[in-house]
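**Q** Got a structure here, written out as structure tokens. Questions coming.
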Protein chains: 2
Amino acid sequence: MQIVIALYDRFTALDAVGPHQVLAHVPAAEIIFASERARAVSDETGTLTLGADASYADVPHPDVLLIPGGPGQSAHMGDGPFRDWIIEADKTTTWTTSVCTGSLILAAAGLLTGRQATTYWLAMNELASLGAKPVHDRYVFDGKYATSAGVSAGIDMALALAARLTDDDTAQAIQLGIEYAPNPPFNAGSPATAPPRLVAAQRAASRFPNP
Amino acid sequence: MQIVIALYDRFTALDAVGPHQVLAHVPAAEIIFASERARAVSDETGTLTLGADASYADVPHPDVLLIPGGPGQSAHMGDGPFRDWIIEADKTTTWTTSVCTGSLILAAAGLLTGRQATTYWLAMNELASLGAKPVHDRYVFDGKYATSAGVSAGIDMALALAARLTDDDTAQAIQLGIEYAPNPPFNAGSPATAPPRLVAAQRAASRFPNP
């Protein structure tokens with residue numbers, strides 16, 4: 001089972017590495033990071049580089065495709081080789097997935113039209129404008145498409161995906177293996193629970209219209 | 001404020017990238033991945049490489065030191081340049097921190113003797129044998145030492161550390177920014193809640209004595 005995680009400049013590292021940490025422990029999974037060519041790809045912070053070992057051309061038919069989000073997503077909303085590869089790869093995937101604003105790339109490629117999907121909390125209206133039906137949930141499965149909310153939500157989605165790729169026992173063993181019993185020191189991870197002034201500040205600073 | 005994350009072969013990627021995703025958004029933080037020399041470092045799975053942009057010699061005095069865990073930890077429990085660097089760096093850090101079995105490296109270097117600390121759930125007895133006082137918690141602060149439980153716990157610890165480096169508002173804004181409102185599909189992330197047969201299987205397969 002080939003799982004390809006796409007990397008592009010200014011991606012969000014946890015979007016890619018969270019699911020990788022989960023899916024790498026799925027038996028028989030072969031995970032490959034890919035980009036337009038094999039190279040070290042810089043994340044949104046500029047202080048982290050992750051290696052892409054393959055070009056998109058090297059992996060035309062992944063079983064599972066995962067598109068991370070990040071500020072760099074905005075450069076991939078139009079026609080181009082990356083979109084062409086996604087559309088072709090999607091034709092034969094078992095699962096086509098995204099984390100955070102990665103779903104905007106899928107939606108812009110026409111793959112989420114009319115489908116229930118989710119994305120980063122600031123990008124929900126943007127997702128709707130691209131033809132998907134936004135759902136406020138940690139992750140959403142609609143057919144073979146699995147999309148997740150912002151950044152850290154990719155871990156939750158990947159565990160649910162691992163269960164579908166294998167079984168509940170295997171997914172739970174992976175969860176135990178990464179000791180994923182989260183207990184954040186604050187309850188500020190959602191606009192519904194964060195201090196309203198912080199939510200307002202991030203809405204005001206958002207790169208998305210009508211966030 | 002210089003934050004150095006150490007990378008060694010067969011580290012666990014989420015141990016390093018989870019905290020990076022949090023700490024990179026601390027204002028005035030400069031995060032540097034370091035290894036014995038600048039290079040691409042392979043994680044425990046062999047399918048992920050993270051770039052170390054500096055050698056340990058390049059960063060002798062980090063303000064914050066973070067040691068991830070992973071199977072490769074076992075190669076760093078004895079004397080050597082990595083330990084020498086940790087001991088020297090620790091003399092001037094504001095915070096010396098670890099994720100997962102990274103605390104075993106700190107403990108073996110003598111930095112956690114008599115201190116409360118935590119580690120990966122399968123390594124708690126190993127941590128005790130190295131002179132620390134194991135605490136079953138998501139993360140533990142004792143003086144300037146902050147240690148966290150397995151893998152994903154580094155995200156929780158990093159948020160608590162971000163609050164100490166700045167203030168609660170800043171840490172909560174970071175949490176909102178990474179939409180960290182975790183909601184895993186199973187409740188199997190701790191030996192206290194996972195199906196007992198899965199816990200027993202991982203104890204039996206553990207590389208640690210008396211896990």
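The way I read the labels, and the way they are meant: chains A, B, ... in the order of the structure tokens, residue 1 as the first residue of every chain, and ligand 1 as the first ligand shown, with later ones counted on from there.
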Out of chain A, which residues get strand (DSSP E or B) from DSSP, as a PyMOL selection string?

**A** chain A and resi 2-6+11+30-35+39-43+49-52+54-55+64-67+95-98+116-117+133-134+139-142+145-148

**Q** Any chance you can output those residues with N, CA and C atoms as a tab-separated table (two decimals), in the first residue's frame?

**A**
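That gives us selection-v2.tsv:
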```
chain	number	residue	atom	x	y	z
A	2	GLN	N	0.79	2.01	-1.08
A	2	GLN	CA	1.64	3.20	-1.20
A	2	GLN	C	0.87	4.45	-0.72
A	3	ILE	N	1.47	5.14	0.23
A	3	ILE	CA	0.89	6.37	0.76
A	3	ILE	C	1.81	7.52	0.38
A	4	VAL	N	1.32	8.47	-0.37
A	4	VAL	CA	2.15	9.59	-0.81
A	4	VAL	C	1.69	10.87	-0.11
A	5	ILE	N	2.63	11.52	0.54
A	5	ILE	CA	2.38	12.82	1.17
A	5	ILE	C	3.07	13.88	0.31
A	6	ALA	N	2.29	14.80	-0.21
A	6	ALA	CA	2.84	15.84	-1.08
A	6	ALA	C	3.45	16.96	-0.23
A	11	PHE	N	4.63	24.63	3.30
A	11	PHE	CA	3.62	23.75	3.90
A	11	PHE	C	3.74	23.84	5.43
A	30	GLU	N	3.77	1.77	2.67
A	30	GLU	CA	5.02	2.36	2.20
A	30	GLU	C	4.74	3.85	2.02
A	31	ILE	N	5.35	4.68	2.87
A	31	ILE	CA	5.08	6.11	2.78
A	31	ILE	C	6.18	6.81	2.01
A	32	ILE	N	5.78	7.66	1.10
A	32	ILE	CA	6.75	8.41	0.29
A	32	ILE	C	6.36	9.89	0.32
A	33	PHE	N	7.31	10.72	0.71
A	33	PHE	CA	7.12	12.17	0.56
A	33	PHE	C	7.53	12.55	-0.87
A	34	ALA	N	6.68	13.30	-1.51
A	34	ALA	CA	6.95	13.67	-2.90
A	34	ALA	C	6.77	15.17	-3.10
A	35	SER	N	7.46	15.69	-4.10
A	35	SER	CA	7.30	17.08	-4.49
A	35	SER	C	7.51	17.15	-6.01
A	39	ARG	N	13.73	16.69	-3.37
A	39	ARG	CA	14.46	17.83	-2.82
A	39	ARG	C	14.10	17.99	-1.36
A	40	ALA	N	14.80	18.86	-0.66
A	40	ALA	CA	14.44	19.24	0.70
A	40	ALA	C	13.46	20.40	0.61
A	41	VAL	N	12.32	20.28	1.26
A	41	VAL	CA	11.25	21.27	1.13
A	41	VAL	C	11.11	22.04	2.44
A	42	SER	N	11.12	23.37	2.33
A	42	SER	CA	11.02	24.22	3.54
A	42	SER	C	9.58	24.44	3.95
A	43	ASP	N	9.35	24.41	5.24
A	43	ASP	CA	8.00	24.62	5.76
A	43	ASP	C	7.70	26.11	5.88
A	49	THR	N	13.10	21.77	7.29
A	49	THR	CA	13.04	21.18	5.96
A	49	THR	C	12.80	19.69	6.07
A	50	LEU	N	11.92	19.22	5.23
A	50	LEU	CA	11.57	17.80	5.18
A	50	LEU	C	11.97	17.30	3.80
A	51	GLY	N	12.52	16.12	3.76
A	51	GLY	CA	13.00	15.60	2.49
A	51	GLY	C	11.88	14.97	1.67
A	52	ALA	N	11.77	15.38	0.41
A	52	ALA	CA	10.91	14.67	-0.55
A	52	ALA	C	11.82	13.74	-1.34
A	54	ALA	N	10.86	11.62	-3.72
A	54	ALA	CA	10.35	11.29	-5.06
A	54	ALA	C	9.77	12.54	-5.71
A	55	SER	N	9.71	12.49	-7.03
A	55	SER	CA	8.95	13.51	-7.77
A	55	SER	C	7.52	13.00	-7.92
A	64	VAL	N	-3.01	5.89	-1.27
A	64	VAL	CA	-3.50	6.96	-0.40
A	64	VAL	C	-2.72	8.22	-0.74
A	65	LEU	N	-3.45	9.28	-0.96
A	65	LEU	CA	-2.84	10.58	-1.26
A	65	LEU	C	-3.17	11.52	-0.11
A	66	LEU	N	-2.16	12.22	0.40
A	66	LEU	CA	-2.38	13.18	1.48
A	66	LEU	C	-1.79	14.53	1.11
A	67	ILE	N	-2.63	15.56	1.14
A	67	ILE	CA	-2.20	16.92	0.82
A	67	ILE	C	-2.23	17.75	2.10
A	95	TRP	N	-7.94	6.23	-1.13
A	95	TRP	CA	-8.31	7.37	-0.29
A	95	TRP	C	-7.57	8.60	-0.76
A	96	THR	N	-8.29	9.69	-0.89
A	96	THR	CA	-7.68	10.99	-1.18
A	96	THR	C	-7.96	11.88	0.03
A	97	THR	N	-6.89	12.39	0.64
A	97	THR	CA	-7.04	13.02	1.95
A	97	THR	C	-6.29	14.35	2.02
A	98	SER	N	-6.66	15.13	3.02
A	98	SER	CA	-5.98	16.41	3.23
A	98	SER	C	-6.01	16.78	4.69
A	116	GLN	N	-19.18	16.75	1.43
A	116	GLN	CA	-18.92	17.25	2.77
A	116	GLN	C	-17.41	17.22	3.02
A	117	ALA	N	-16.91	18.30	3.59
A	117	ALA	CA	-15.46	18.38	3.82
A	117	ALA	C	-15.20	19.41	4.91
A	133	LYS	N	-19.13	21.30	0.72
A	133	LYS	CA	-20.09	21.59	1.78
A	133	LYS	C	-19.36	21.53	3.10
A	134	PRO	N	-18.99	22.67	3.66
A	134	PRO	CA	-18.16	22.68	4.87
A	134	PRO	C	-18.87	22.08	6.07
A	139	TYR	N	-12.59	15.89	11.57
A	139	TYR	CA	-12.31	15.32	10.24
A	139	TYR	C	-13.62	14.83	9.67
A	140	VAL	N	-13.65	14.73	8.36
A	140	VAL	CA	-14.88	14.36	7.65
A	140	VAL	C	-14.53	13.33	6.58
A	141	PHE	N	-15.26	12.23	6.57
A	141	PHE	CA	-15.14	11.26	5.48
A	141	PHE	C	-16.38	11.40	4.60
A	142	ASP	N	-16.17	11.52	3.30
A	142	ASP	CA	-17.27	11.50	2.33
A	142	ASP	C	-16.79	10.65	1.16
A	145	TYR	N	-13.00	10.40	0.18
A	145	TYR	CA	-12.33	11.65	0.51
A	145	TYR	C	-12.36	11.89	2.02
A	146	ALA	N	-11.21	12.11	2.61
A	146	ALA	CA	-11.12	12.41	4.04
A	146	ALA	C	-10.39	13.73	4.20
A	147	THR	N	-11.03	14.68	4.82
A	147	THR	CA	-10.43	15.99	5.04
A	147	THR	C	-10.40	16.27	6.53
A	148	SER	N	-9.44	17.05	6.97
A	148	SER	CA	-9.37	17.33	8.41
A	148	SER	C	-9.28	18.82	8.66
```

**Q** Pick out the residues sitting within 9 Å of region 87-93 of chain B, and hand them over as a PDB file with C-alpha atoms, in the first residue's frame; count only C-alpha atoms, and ignore anything fewer than 6 positions along from it in its own chain.

**A**
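As written to disk, out27.pdb reads:
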```pdb
ATOM      1  CA  VAL B  59      25.081  26.179  18.881  1.00  0.00           C
ATOM      2  CA  PRO B  60      26.922  25.848  22.206  1.00  0.00           C
ATOM      3  CA  HIS B  61      24.548  28.043  24.233  1.00  0.00           C
ATOM      4  CA  PRO B  62      20.879  27.558  23.346  1.00  0.00           C
ATOM      5  CA  ASP B  63      18.326  29.252  25.574  1.00  0.00           C
ATOM      6  CA  VAL B  64      16.046  26.259  25.171  1.00  0.00           C
ATOM      7  CA  LEU B  65      17.316  22.755  24.488  1.00  0.00           C
ATOM      8  CA  LEU B 106      19.072  13.692  29.823  1.00  0.00           C
ATOM      9  CA  ALA B 109      23.839  12.564  31.318  1.00  0.00           C
ATOM     10  CA  GLY B 110      23.099  13.128  35.005  1.00  0.00           C
ATOM     11  CA  LEU B 111      20.766  16.074  34.492  1.00  0.00           C
ATOM     12  CA  LYS B 144      14.263  24.424  34.480  1.00  0.00           C
TER      13      LYS B 144
END
```

**Q** So that each row is one residue of chain B with an atom at most 7 Å from chain A, can you give its shortest atom pair and the distance in Å to one decimal, using only C-alpha atoms, rows by chain and rising number, as a tab-separated table?

**A**
```
residue	atom	partner	partner_atom	distance
B:Ala13	CA	A:Val17	CA	6.9
B:Leu14	CA	A:Val17	CA	6.3
B:Val17	CA	A:Leu14	CA	6.3
B:Gly18	CA	A:Leu14	CA	6.3
B:Gln21	CA	A:Leu14	CA	6.4
B:Ala24	CA	A:Thr45	CA	6.8
B:Ile31	CA	A:Thr47	CA	6.4
B:Ile32	CA	A:Thr47	CA	6.6
B:Thr45	CA	A:Ala24	CA	6.8
B:Thr47	CA	A:Ile31	CA	6.4
B:Leu48	CA	A:Gly51	CA	6.7
B:Thr49	CA	A:Gly51	CA	5.2
B:Leu50	CA	A:Leu50	CA	4.8
B:Gly51	CA	A:Thr49	CA	5.2
B:Arg138	CA	A:Asn183	CA	6.9
B:Gly150	CA	A:Glu179	CA	5.1
B:Val151	CA	A:Ile178	CA	5.2
B:Ser152	CA	A:Tyr180	CA	5.5
B:Ala153	CA	A:Pro182	CA	6.7
B:Asp156	CA	A:Pro184	CA	4.8
B:Leu159	CA	A:Pro185	CA	6.9
B:Ala160	CA	A:Pro185	CA	6.0
B:Gln172	CA	A:Ala188	CA	5.4
B:Ala173	CA	A:Leu198	CA	6.1
B:Gln175	CA	A:Gly189	CA	5.0
B:Leu176	CA	A:Gly189	CA	4.3
B:Ile178	CA	A:Val151	CA	5.2
B:Glu179	CA	A:Gly189	CA	4.6
B:Tyr180	CA	A:Gly189	CA	4.2
B:Ala181	CA	A:Gly189	CA	4.4
B:Pro182	CA	A:Pro182	CA	6.6
B:Asn183	CA	A:Asp156	CA	6.4
B:Pro184	CA	A:Asp156	CA	4.8
B:Pro185	CA	A:Ala160	CA	6.0
B:Phe186	CA	A:Gln172	CA	6.5
B:Ala188	CA	A:Gln172	CA	5.4
B:Gly189	CA	A:Tyr180	CA	4.2
B:Ser190	CA	A:Glu179	CA	5.7
B:Ala194	CA	A:Leu176	CA	6.9
B:Leu198	CA	A:Ala173	CA	6.1
```

**Q** Please determine, counting only C-alpha atoms, which residue among B:Pro81, B:Asp58, B:Gln73, B:Pro27 has the shortest atom-to-atom distance to Leu7 (chain B).

**A**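 Closest to Leu7 (chain B) of all the choices is B:Gln73.
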
**Q** Can you tell me, as an MDAnalysis selection string, which residues in region 34-207 of chain A count as alpha helix (DSSP H) by DSSP?

**A** chainID A and resid 81:90 102:108 124:129 153:165 168:177 196:205

**Q** Could you write those residues out with C-alpha atoms, as a short mmCIF file (atom, residue, chain, number, x, y, z; two decimals), in the first residue's frame?

**A**
```cif
data_model
loop_
_atom_site.label_atom_id
_atom_site.label_comp_id
_atom_site.auth_asym_id
_atom_site.auth_seq_id
_atom_site.Cartn_x
_atom_site.Cartn_y
_atom_site.Cartn_z
CA PRO A 81 1.60 20.22 -12.95
CA PHE A 82 0.77 19.74 -9.25
CA ARG A 83 -2.97 19.97 -9.91
CA ASP A 84 -2.65 17.73 -12.96
CA TRP A 85 -0.87 15.12 -10.88
CA ILE A 86 -3.49 15.29 -8.10
CA ILE A 87 -6.35 14.86 -10.57
CA GLU A 88 -4.67 11.91 -12.28
CA ALA A 89 -3.60 10.27 -9.02
CA ASP A 90 -7.06 10.67 -7.55
CA GLY A 102 -4.87 21.13 1.90
CA SER A 103 -8.59 20.63 1.29
CA LEU A 104 -8.66 23.95 -0.56
CA ILE A 105 -6.21 22.49 -3.08
CA LEU A 106 -8.41 19.41 -3.50
CA ALA A 107 -11.51 21.57 -3.83
CA ALA A 108 -9.88 23.90 -6.36
CA MET A 124 -14.36 27.40 6.03
CA ASN A 125 -15.98 30.05 3.86
CA GLU A 126 -13.20 29.74 1.32
CA LEU A 127 -13.87 25.99 1.17
CA ALA A 128 -17.57 26.68 0.56
CA SER A 129 -16.74 29.13 -2.22
CA ALA A 153 -6.38 17.51 13.32
CA GLY A 154 -4.41 15.47 10.84
CA ILE A 155 -3.42 13.15 13.69
CA ASP A 156 -7.06 12.44 14.51
CA MET A 157 -7.93 11.92 10.84
CA ALA A 158 -4.95 9.63 10.31
CA LEU A 159 -6.02 7.39 13.19
CA ALA A 160 -9.53 7.12 11.74
CA LEU A 161 -7.98 6.40 8.33
CA ALA A 162 -5.65 3.79 9.84
CA ALA A 163 -8.71 2.01 11.22
CA ARG A 164 -10.29 1.96 7.76
CA LEU A 165 -7.04 0.77 6.16
CA ASP A 168 -9.79 -0.76 15.06
CA ASP A 169 -7.27 -2.84 16.99
CA THR A 170 -4.41 -1.79 14.75
CA ALA A 171 -5.39 1.87 14.93
CA GLN A 172 -5.65 1.71 18.71
CA ALA A 173 -2.23 0.03 18.94
CA ILE A 174 -0.79 2.89 16.90
CA GLN A 175 -2.48 5.43 19.18
CA LEU A 176 -0.97 3.70 22.22
CA GLY A 177 2.40 3.60 20.49
CA PRO A 196 -12.96 35.65 22.01
CA ARG A 197 -10.37 38.42 21.71
CA LEU A 198 -7.82 35.89 20.40
CA VAL A 199 -10.34 34.53 17.91
CA ALA A 200 -11.15 38.05 16.73
CA ALA A 201 -7.47 38.90 16.32
CA GLN A 202 -6.83 35.84 14.17
CA ARG A 203 -9.92 36.51 12.07
CA ALA A 204 -8.71 40.07 11.49
CA ALA A 205 -5.25 38.88 10.48
#
```

**Q** Using Å and a single decimal, report how far CA of Thr94 (chain B) sits from CA of Val26 (chain B).

**A** 15.0 Å

**Q** What does the distance from CA of Val135 (chain A) to CA of Arg115 (chain A) come to in Å, to one decimal?

**A**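 CA of Arg115 (chain A) lies at a distance of 9.8 Å from CA of Val135 (chain A).
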
**Q** CA of Gly72 (chain B) and CA of Tyr8 (chain B) are how many Å apart?

**A**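 CA of Tyr8 (chain B) lies 6.8 Å from CA of Gly72 (chain B).
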